[in-house]
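Participant: What follows is the file data14.pdb, containing PDB, C-alpha atoms and all ligand atoms:
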```pdb
MODEL        1
ATOM      1  CA  MET A   7     -30.068   9.126  39.358
ATOM      2  CA  ALA A   8     -26.741   8.010  37.866
ATOM      3  CA  SER A   9     -23.704  10.141  38.639
ATOM      4  CA  PRO A  10     -22.455  12.498  35.893
ATOM      5  CA  ILE A  11     -19.101  10.662  35.919
ATOM      6  CA  LEU A  12     -20.806   7.352  35.171
ATOM      7  CA  PHE A  13     -22.933   9.007  32.496
ATOM      8  CA  PHE A  14     -20.007  10.641  30.690
ATOM      9  CA  GLY A  15     -17.911   7.492  31.089
ATOM     10  CA  LEU A  16     -20.696   5.502  29.444
ATOM     11  CA  LEU A  17     -21.080   8.134  26.729
ATOM     12  CA  ALA A  18     -17.331   7.979  26.004
ATOM     13  CA  PHE A  19     -17.486   4.177  25.835
ATOM     14  CA  VAL A  20     -20.457   4.208  23.458
ATOM     15  CA  PHE A  21     -18.677   6.768  21.257
ATOM     16  CA  LEU A  22     -15.468   4.707  21.217
ATOM     17  CA  ALA A  23     -17.368   1.501  20.434
ATOM     18  CA  ALA A  24     -19.250   3.258  17.634
ATOM     19  CA  SER A  25     -16.086   4.713  16.093
ATOM     20  CA  ALA A  26     -14.083   1.464  16.269
ATOM     21  CA  SER A  27     -15.469  -0.017  13.049
ATOM     22  CA  ASP A  28     -16.419   1.116   9.569
ATOM     23  CA  PRO A  29     -19.597   3.227   9.357
ATOM     24  CA  SER A  30     -22.828   1.298   8.743
ATOM     25  CA  PRO A  31     -23.943   1.257   5.099
ATOM     26  CA  LEU A  32     -27.070   3.208   4.143
ATOM     27  CA  GLN A  33     -27.987   0.824   1.310
ATOM     28  CA  ASP A  34     -27.947  -2.954   0.663
ATOM     29  CA  PHE A  35     -24.688  -2.646  -1.226
ATOM     30  CA  CYS A  36     -22.436  -0.088  -2.865
ATOM     31  CA  VAL A  37     -20.439  -1.899  -5.523
ATOM     32  CA  ALA A  38     -17.298   0.160  -6.072
ATOM     33  CA  ASP A  39     -17.213   2.097  -9.320
ATOM     34  CA  ALA A  40     -13.522   1.893 -10.275
ATOM     35  CA  LYS A  41     -13.975   4.655 -12.845
ATOM     36  CA  SER A  42     -15.573   7.235 -10.550
ATOM     37  CA  PRO A  43     -13.404  10.244  -9.664
ATOM     38  CA  VAL A  44     -15.637  10.985  -6.642
ATOM     39  CA  LEU A  45     -13.796  10.747  -3.312
ATOM     40  CA  LEU A  46     -15.735   9.860  -0.175
ATOM     41  CA  ASN A  47     -15.347   7.596   2.882
ATOM     42  CA  GLY A  48     -14.980   4.430   0.786
ATOM     43  CA  LEU A  49     -15.439   4.268  -2.975
ATOM     44  CA  ALA A  50     -18.324   5.679  -4.995
ATOM     45  CA  CYS A  51     -21.137   3.210  -5.813
ATOM     46  CA  LYS A  52     -21.942   2.154  -9.317
ATOM     47  CA  ASP A  53     -25.514   2.132 -10.641
ATOM     48  CA  PRO A  54     -27.204  -0.753  -8.722
ATOM     49  CA  THR A  55     -29.054  -1.893 -11.865
ATOM     50  CA  THR A  56     -25.674  -2.746 -13.475
ATOM     51  CA  VAL A  57     -24.525  -4.872 -10.524
ATOM     52  CA  GLU A  58     -23.770  -8.562 -11.179
ATOM     53  CA  ALA A  59     -22.857 -11.591  -9.060
ATOM     54  CA  SER A  60     -19.252 -11.266 -10.226
ATOM     55  CA  ASP A  61     -19.084  -7.920  -8.379
ATOM     56  CA  PHE A  62     -19.307  -9.931  -5.140
ATOM     57  CA  SER A  63     -16.807 -12.636  -6.014
ATOM     58  CA  THR A  64     -13.168 -13.376  -6.722
ATOM     59  CA  SER A  65     -11.145 -16.566  -7.054
ATOM     60  CA  GLY A  66      -7.658 -18.040  -6.829
ATOM     61  CA  LEU A  67      -7.268 -17.945  -3.065
ATOM     62  CA  HIS A  68      -6.274 -21.630  -3.084
ATOM     63  CA  ILE A  69      -3.043 -20.681  -4.891
ATOM     64  CA  ALA A  70       0.043 -20.235  -2.708
ATOM     65  CA  GLY A  71       1.931 -16.954  -3.141
ATOM     66  CA  ASN A  72       5.622 -16.509  -3.929
ATOM     67  CA  THR A  73       7.599 -16.228  -0.667
ATOM     68  CA  SER A  74      11.034 -15.639  -2.296
ATOM     69  CA  ASN A  75      11.636 -12.251  -0.675
ATOM     70  CA  PRO A  76      13.586 -10.920   2.344
ATOM     71  CA  THR A  77      10.808 -11.637   4.889
ATOM     72  CA  GLY A  78       9.700 -14.970   3.370
ATOM     73  CA  LEU A  79       6.102 -13.748   3.246
ATOM     74  CA  SER A  80       3.481 -13.425   0.533
ATOM     75  CA  VAL A  81       0.259 -11.453   1.083
ATOM     76  CA  ASN A  82      -2.731 -11.747  -1.243
ATOM     77  CA  PRO A  83      -5.232  -9.042  -0.192
ATOM     78  CA  ILE A  84      -8.941  -9.257  -1.018
ATOM     79  CA  GLY A  85     -10.445  -5.793  -0.712
ATOM     80  CA  ALA A  86     -12.701  -3.512  -2.740
ATOM     81  CA  THR A  87     -10.266  -3.718  -5.675
ATOM     82  CA  GLN A  88     -10.656  -7.511  -5.916
ATOM     83  CA  ILE A  89     -14.344  -7.626  -4.792
ATOM     84  CA  PRO A  90     -15.984  -4.258  -5.598
ATOM     85  CA  GLY A  91     -19.130  -5.438  -3.774
ATOM     86  CA  LEU A  92     -17.432  -5.376  -0.351
ATOM     87  CA  ASN A  93     -17.107  -1.592  -0.575
ATOM     88  CA  THR A  94     -18.688   0.036   2.559
ATOM     89  CA  LEU A  95     -19.380  -3.348   4.218
ATOM     90  CA  GLY A  96     -16.603  -3.179   6.816
ATOM     91  CA  ILE A  97     -14.801  -6.407   5.911
ATOM     92  CA  SER A  98     -11.780  -7.686   3.952
ATOM     93  CA  LEU A  99      -9.753 -10.885   3.581
ATOM     94  CA  PHE A 100      -6.110 -11.932   3.111
ATOM     95  CA  ARG A 101      -4.183 -15.046   2.189
ATOM     96  CA  PHE A 102      -0.714 -15.310   3.735
ATOM     97  CA  ASP A 103       2.010 -17.727   2.698
ATOM     98  CA  TYR A 104       5.189 -18.115   4.742
ATOM     99  CA  ALA A 105       8.509 -19.688   3.760
ATOM    100  CA  PRO A 106       9.847 -22.104   6.438
ATOM    101  CA  TRP A 107      11.687 -19.171   8.061
ATOM    102  CA  GLY A 108       9.123 -16.562   6.998
ATOM    103  CA  VAL A 109       7.992 -13.676   9.188
ATOM    104  CA  ASN A 110       5.146 -11.199   8.888
ATOM    105  CA  PRO A 111       7.086  -8.414  10.654
ATOM    106  CA  PRO A 112       5.541  -6.377  13.518
ATOM    107  CA  HIS A 113       2.852  -4.053  12.176
ATOM    108  CA  ILE A 114      -0.423  -2.301  13.055
ATOM    109  CA  HIS A 115      -3.821  -2.170  11.384
ATOM    110  CA  PRO A 116      -5.175   1.189  12.615
ATOM    111  CA  ARG A 117      -8.756   0.544  11.474
ATOM    112  CA  GLY A 118      -9.398  -3.179  11.860
ATOM    113  CA  THR A 119      -9.316  -6.184  14.156
ATOM    114  CA  GLU A 120      -7.863  -9.243  12.406
ATOM    115  CA  ILE A 121      -8.928 -12.892  12.806
ATOM    116  CA  LEU A 122      -6.533 -15.475  11.364
ATOM    117  CA  THR A 123      -6.853 -19.208  10.776
ATOM    118  CA  VAL A 124      -3.948 -21.497   9.877
ATOM    119  CA  LEU A 125      -4.511 -23.580   6.723
ATOM    120  CA  GLU A 126      -1.157 -25.392   6.747
ATOM    121  CA  GLY A 127       1.889 -25.538   8.996
ATOM    122  CA  SER A 128       2.578 -23.929  12.381
ATOM    123  CA  LEU A 129       2.755 -20.233  13.158
ATOM    124  CA  GLU A 130       3.932 -18.421  16.247
ATOM    125  CA  VAL A 131       1.732 -15.329  16.526
ATOM    126  CA  GLY A 132       1.661 -12.471  18.995
ATOM    127  CA  PHE A 133       0.508  -8.975  19.822
ATOM    128  CA  VAL A 134       1.645  -6.447  22.420
ATOM    129  CA  ALA A 135      -0.948  -4.831  24.698
ATOM    130  CA  SER A 136      -0.799  -1.116  25.494
ATOM    131  CA  ASN A 137       1.919   0.468  27.630
ATOM    132  CA  PRO A 138       1.945  -0.256  30.538
ATOM    133  CA  PRO A 139       2.463  -3.150  30.913
ATOM    134  CA  ASN A 140       3.456  -3.877  27.258
ATOM    135  CA  ARG A 141       2.361  -7.461  27.755
ATOM    136  CA  LEU A 142       3.172  -9.814  24.864
ATOM    137  CA  ILE A 143       0.295 -12.226  24.194
ATOM    138  CA  THR A 144       1.711 -15.057  22.111
ATOM    139  CA  LYS A 145       0.812 -18.585  21.040
ATOM    140  CA  VAL A 146       1.947 -21.279  18.617
ATOM    141  CA  LEU A 147      -0.881 -22.177  16.222
ATOM    142  CA  GLN A 148      -1.349 -25.413  14.289
ATOM    143  CA  LYS A 149      -3.500 -26.143  11.256
ATOM    144  CA  GLY A 150      -7.106 -25.167  11.992
ATOM    145  CA  ASP A 151      -6.254 -22.932  14.954
ATOM    146  CA  VAL A 152      -7.693 -19.411  15.003
ATOM    147  CA  PHE A 153      -6.280 -16.252  16.631
ATOM    148  CA  VAL A 154      -7.494 -12.653  16.968
ATOM    149  CA  PHE A 155      -5.286  -9.539  16.765
ATOM    150  CA  PRO A 156      -7.153  -6.610  18.385
ATOM    151  CA  ILE A 157      -7.494  -3.381  16.407
ATOM    152  CA  GLY A 158      -4.545  -0.991  16.599
ATOM    153  CA  LEU A 159      -2.075  -3.279  18.423
ATOM    154  CA  ILE A 160       1.395  -4.245  17.180
ATOM    155  CA  HIS A 161       1.340  -7.875  16.033
ATOM    156  CA  TYR A 162       3.377 -10.399  14.031
ATOM    157  CA  GLN A 163       3.425 -13.976  12.765
ATOM    158  CA  ARG A 164       6.386 -16.302  12.302
ATOM    159  CA  ASN A 165       6.550 -19.704  10.658
ATOM    160  CA  VAL A 166       8.005 -22.071  13.257
ATOM    161  CA  GLY A 167       7.490 -25.241  11.195
ATOM    162  CA  LYS A 168       9.994 -27.001   8.938
ATOM    163  CA  LYS A 169       7.765 -26.552   5.882
ATOM    164  CA  GLY A 170       5.887 -23.656   4.312
ATOM    165  CA  ALA A 171       2.806 -22.383   6.121
ATOM    166  CA  SER A 172      -0.335 -20.609   4.980
ATOM    167  CA  ALA A 173      -3.208 -18.768   6.627
ATOM    168  CA  ILE A 174      -6.402 -16.904   5.814
ATOM    169  CA  ALA A 175      -7.166 -13.737   7.763
ATOM    170  CA  ALA A 176     -10.161 -11.411   7.789
ATOM    171  CA  ALA A 177     -10.245  -7.794   8.960
ATOM    172  CA  SER A 178     -13.152  -5.799  10.385
ATOM    173  CA  SER A 179     -12.660  -2.998   7.862
ATOM    174  CA  GLN A 180     -12.647  -2.828   4.076
ATOM    175  CA  ASN A 181      -9.384  -0.881   4.458
ATOM    176  CA  ALA A 182      -7.833  -1.799   7.817
ATOM    177  CA  GLY A 183      -4.633   0.114   7.026
ATOM    178  CA  PHE A 184      -1.076  -1.148   7.360
ATOM    179  CA  ILE A 185       1.687   0.431   9.458
ATOM    180  CA  PRO A 186       4.877  -1.680   9.310
ATOM    181  CA  ILE A 187       6.789  -0.659  12.446
ATOM    182  CA  ALA A 188      10.353  -1.030  11.149
ATOM    183  CA  SER A 189       9.939   0.736   7.813
ATOM    184  CA  SER A 190       7.579   3.392   9.239
ATOM    185  CA  LEU A 191      10.265   4.411  11.749
ATOM    186  CA  PHE A 192      13.445   3.765   9.733
ATOM    187  CA  GLY A 193      12.219   4.180   6.173
ATOM    188  CA  SER A 194       9.889   7.180   6.409
ATOM    189  CA  ASN A 195       9.985   9.741   3.614
ATOM    190  CA  PRO A 196      11.661  12.054   4.522
ATOM    191  CA  ASP A 197      13.621  10.388   7.346
ATOM    192  CA  ILE A 198      12.695  10.930  10.977
ATOM    193  CA  PRO A 199      15.709  12.943  12.305
ATOM    194  CA  SER A 200      18.234  10.364  13.490
ATOM    195  CA  ASP A 201      18.711  12.039  16.897
ATOM    196  CA  VAL A 202      15.007  11.348  17.580
ATOM    197  CA  LEU A 203      15.560   7.655  16.838
ATOM    198  CA  VAL A 204      18.855   7.673  18.812
ATOM    199  CA  LYS A 205      16.939   8.749  21.942
ATOM    200  CA  ALA A 206      13.876   6.599  21.229
ATOM    201  CA  PHE A 207      15.903   3.406  20.810
ATOM    202  CA  GLN A 208      18.766   4.360  23.150
ATOM    203  CA  VAL A 209      21.396   3.381  20.589
ATOM    204  CA  ASP A 210      24.325   5.022  18.813
ATOM    205  CA  LYS A 211      23.712   7.212  15.751
ATOM    206  CA  ASN A 212      25.671   4.718  13.601
ATOM    207  CA  VAL A 213      23.178   2.012  14.525
ATOM    208  CA  VAL A 214      20.277   4.271  13.488
ATOM    209  CA  ASN A 215      21.981   5.154  10.190
ATOM    210  CA  TYR A 216      22.669   1.473   9.538
ATOM    211  CA  ILE A 217      19.036   0.465  10.101
ATOM    212  CA  GLN A 218      17.818   3.435   8.002
ATOM    213  CA  SER A 219      20.041   2.191   5.158
ATOM    214  CA  LYS A 220      18.120  -1.119   5.209
ATOM    215  CA  PHE A 221      14.848   0.657   4.334
TER
HETATM  216  C1  LIG A 301       9.308 -15.793  -7.060
HETATM  217  O1  LIG A 301       9.878 -14.508  -6.868
HETATM  218  C2  LIG A 301      11.268 -14.460  -7.179
HETATM  219  C3  LIG A 301      11.785 -13.102  -6.747
HETATM  220  O2  LIG A 301      10.975 -12.066  -7.250
HETATM  221  C4  LIG A 301      11.478 -14.758  -8.650
HETATM  222  O3  LIG A 301      12.847 -14.731  -8.958
HETATM  223  C5  LIG A 301      10.898 -16.146  -8.948
HETATM  224  O4  LIG A 301      10.972 -16.390 -10.347
HETATM  225  C6  LIG A 301       9.445 -16.246  -8.503
HETATM  226  N1  LIG A 301       9.001 -17.628  -8.641
HETATM  227  C7  LIG A 301       7.871 -17.937  -9.272
HETATM  228  C8  LIG A 301       7.518 -19.386  -9.293
HETATM  229  O5  LIG A 301       7.144 -17.112  -9.795
ENDMDL
END
```
Could the structure of this file be written out as structure tokens, please?
Facilitator:
Amino acid sequence: MASPILFFGLLAFVFLAASASDPSPLQDFCVADAKSPVLLNGLACKDPTTVEASDFSTSGLHIAGNTSNPTGLSVNPIGATQIPGLNTLGISLFRFDYAPWGVNPPHIHPRGTEILTVLEGSLEVGFVASNPPNRLITKVLQKGDVFVFPIGLIHYQRNVGKKGASAIAAASSQNAGFIPIASSLFGSNPDIPSDVLVKAFQVDKNVVNYIQSKF
């Protein structure tokens, strides 16, 4: 007979594995009804008899986004707003465009693993594993290369080529969530008390106030 420790360890693992992705749908599809006021885990489904092919489709992802902004990044998200038919199916897509110096700053997706493929250019990508040992896993990707960012870990991308770069990424959630590290910590509303950030970052209060002023 297996030991109780093994049993409960296995149970915990099964529970974690089961809770690490969107819940399984209970119907073939649940095309989001944009007009429904009903709130549930996902969006309410519209009457299946009114569903059309266009509910499962969008277009324009071949068009590069405008990267004239402070981070040199454009994000074109494809979620249940753009494709109502992906509601409840545990998946979403993004197009990223990067200026030659562009950065997708360190951030977390609390509910989804991300898989990214480079369409054009070269990207340095990386994520940091849990503490300890805070290991940075990083790689320079070329056109056609694919990289995975595990769910819940801090990750970033940076264009290291001389020209613009672009990528397509998919997430294992219809709403993977987005926690930008810098603005979450220094641009929260209301502010995190600056003495908390002074101790967390081991810097002078003026430095904290300066960074807060940027967000
Ligand atoms: C790109 O965005 C910038 C800043 O918002 C704007 O000034 C510029 O006109 C945009 N360019 C295009 C081609 O839309």
Participant: Report as a CSV table (one decimal) with C-alpha atoms, in the coordinates of the input all protein, DNA and RNA residues lying within 8 Å of A:Ser27, evaluated on only C-alpha atoms, omitting residues in the same chain fewer than 4 positions from it.
Facilitator:
```
chain,number,residue,atom,x,y,z
A,23,ALA,CA,-17.4,1.5,20.4
A,96,GLY,CA,-16.6,-3.2,6.8
A,117,ARG,CA,-8.8,0.5,11.5
A,118,GLY,CA,-9.4,-3.2,11.9
A,178,SER,CA,-13.2,-5.8,10.4
A,179,SER,CA,-12.7,-3.0,7.9
```
Participant: Could you tell me which residues the PyMOL selection byres (((not hetatm)) within 7 of (chain A and resi 301)) grabs in this file, written as JSON, numbers by chain?
Facilitator: {"A": [72, 73, 74, 75]}
Participant: Near A:Phe100, within 8 Å and counting all atoms listed in the file, which residues show up once chain neighbours fewer than 6 positions away are dropped, as a ChimeraX atom specification?
Facilitator: /A:81-84,174-176
Participant: Quick one: contact table of stretch 64-158 of chain A to stretch 38-49 of chain A, 9 Å max, nearest atom pair and distance in Å to one decimal per residue, counting only C-alpha atoms, chain and number order, as a Markdown table?
Facilitator:
```
| residue | atom | partner | partner_atom | distance |
| --- | --- | --- | --- | --- |
| A:Ala86 | CA | A:Ala38 | CA | 6.8 |
| A:Thr87 | CA | A:Ala40 | CA | 8.0 |
| A:Ile89 | CA | A:Ala38 | CA | 8.4 |
| A:Pro90 | CA | A:Ala38 | CA | 4.6 |
| A:Gly91 | CA | A:Ala38 | CA | 6.3 |
| A:Leu92 | CA | A:Ala38 | CA | 8.0 |
| A:Asn93 | CA | A:Ala38 | CA | 5.8 |
| A:Thr94 | CA | A:Gly48 | CA | 6.0 |
```
Participant: Report as a PyMOL selection string the residues that result from applying the PyMOL selection byres (((chain A and resi 146-148) around 12) and not hetatm) to the structure here.
Facilitator: chain A and resi 122-132+143-145+149-154+162-167+171-173
Participant: Please determine, counting all atoms listed in the file, which residue among A:Gly85, A:Pro54, A:Gly66, A:Gly158 has the shortest atom-to-atom distance to A:Pro186.
Facilitator: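 Closest to A:Pro186, using all atoms listed in the file: A:Gly158.
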Participant: Once you add 4 Å to each side, what are the centre and edge lengths of the axis-aligned box holding all listed atoms of stretch 163-168 of chain A? One decimal in Å, as AutoDock Vina command-line options, if you can.
Facilitator:
```
--center_x 6.7 --center_y -20.5 --center_z 11.1 --size_x 14.6 --size_y 21.0 --size_z 12.3
```
Participant: I need the residue nearest A:Tyr216 from this list: A:Phe192, A:Val134, A:His161, A:Pro199. Use all atoms listed in the file for the distance.
Facilitator: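 Residue with the minimum atom-to-atom distance to A:Tyr216: A:Phe192.
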Participant: Tell me which of A:Arg141, A:Val209, A:Asp53, A:Lys220 sits closest to A:Pro76, counting all atoms listed in the file.
Facilitator: A:Lys220
Participant: Once the PyMOL selection byres (((chain A and resi 188) around 9) and not hetatm) has been applied to the shown file, what residues remain in the selection, as a ChimeraX atom specification?
Facilitator: /A:111-113,185-187,189-193,217,221
Participant: Work out how far atom CA of A:Ser219 is from atom CA of A:Asn195, in Å to one decimal.
Facilitator: 12.7 Å
Participant: Could you check how far atom CA of A:Ser80 sits from atom CA of A:Asn110, in Å to one decimal?
Facilitator: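 Atom CA of A:Ser80 sits 8.8 Å away from atom CA of A:Asn110.
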Participant: May I ask which of the residues A:Cys51, A:Ile97, A:Ile157, A:Val202 is the closest one to A:His115, counting all atoms listed in the file?
Facilitator: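 Smallest separation from A:His115 among the options: A:Ile157.
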Participant: So, counting all atoms listed in the file, which residue among A:Ala50, A:Leu79, A:Val37, A:Leu142 is closest to A:Gly108?
Facilitator: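 So, comparing all the options, the nearest one is A:Leu79.
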Participant: With distances taken over only C-alpha atoms, which residue among A:Asp201, A:Asp103, A:Glu120, A:Asp210 lies nearest A:Lys169?
Facilitator: A:Asp103
